[in-house]
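K.L.:
There's a structure below that I have some questions on.
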Amino acid sequence: MPRYDYTCQTCAKPFGVRMSIAEYGDGVTPACPTCGSADVARHFAAVNVLTGSRATGGGAACGPTGFS
Ligand SMILES: [Zn+2]
């Protein structure tokens, strides 16, 4: 069973949860084990974050062409 890493948005504590892919696919969101908050954010792989920010920030709208 895969492990998913989350960070609580209320108390900022990271925690890991084991759940099946089926449960994850159903959108099951675990509660924070520290404070019980359901306001948690999933950790994404660093590769995905870097790729996403580069794709967003490299747009032509705010590129060098704006200065010419
Ligand atoms: Zn918490």
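A note on labels: chains of the structure tokens are A, B, ... as shown, every chain counts residues from 1, and ligands are counted from 1 in their shown order.
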Hey, could you make a per-residue contact list for chain A against ligand 1 with 6 Å as the cut-off, showing the nearest pair of atoms and its distance in Å to one decimal, counting only C-alpha atoms and all ligand atoms, sorted by chain and number, as CSV?
P.N.:
residue,atom,partner,partner_atom_place_in_ligand_line,distance
A:Cys8,CA,ligand 1,1 (Zn),4.6
A:Thr10,CA,ligand 1,1 (Zn),5.0
A:Cys11,CA,ligand 1,1 (Zn),4.2
A:Lys13,CA,ligand 1,1 (Zn),5.8
A:Cys32,CA,ligand 1,1 (Zn),4.6
A:Thr34,CA,ligand 1,1 (Zn),5.0
A:Cys35,CA,ligand 1,1 (Zn),4.1
A:Gly36,CA,ligand 1,1 (Zn),5.9
A:Ser37,CA,ligand 1,1 (Zn),5.3
K.L.:
If you count only C-alpha atoms, which residues fall within 10 Å of Arg3 (chain A), apart from same-chain ones fewer than 4 positions away, as a tab-separated table (two decimals) with N, CA and C atoms, in the first residue's frame?
P.N.:
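Result file part.tsv:
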chain	number	residue	atom	x	y	z
A	16	GLY	N	2.57	11.29	7.30
A	16	GLY	CA	2.37	10.35	6.21
A	16	GLY	C	1.19	9.45	6.48
A	17	VAL	N	0.49	9.07	5.43
A	17	VAL	CA	-0.68	8.22	5.56
A	17	VAL	C	-0.58	7.09	4.55
A	18	ARG	N	-0.91	5.88	4.99
A	18	ARG	CA	-0.96	4.76	4.07
A	18	ARG	C	-2.41	4.53	3.67
A	19	MET	N	-2.66	4.56	2.41
A	19	MET	CA	-4.01	4.25	1.91
A	19	MET	C	-3.88	3.61	0.54
A	20	SER	N	-4.91	2.90	0.17
A	20	SER	CA	-4.86	2.23	-1.12
A	20	SER	C	-5.00	3.25	-2.25
A	21	ILE	N	-4.56	2.85	-3.43
A	21	ILE	CA	-4.69	3.73	-4.59
A	21	ILE	C	-6.17	4.00	-4.87
K.L.:
CA of Pro33 (chain A) to CA of Thr7 (chain A): how many Å, to one decimal?
P.N.:
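Separation of CA of Pro33 (chain A) and CA of Thr7 (chain A): 10.6 Å.
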K.L.:
Grab the CA of Phe44 (chain A) to CA of Asp5 (chain A) distance for me, in Å with one decimal place.
P.N.:
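Between CA of Phe44 (chain A) and CA of Asp5 (chain A) the gap is 8.2 Å.
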K.L.:
Just give me the gap between CA of His43 (chain A) and CA of Tyr4 (chain A) in Å, one decimal is fine.
P.N.:
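Atom-to-atom, CA of His43 (chain A) and CA of Tyr4 (chain A) are spaced 7.6 Å apart.
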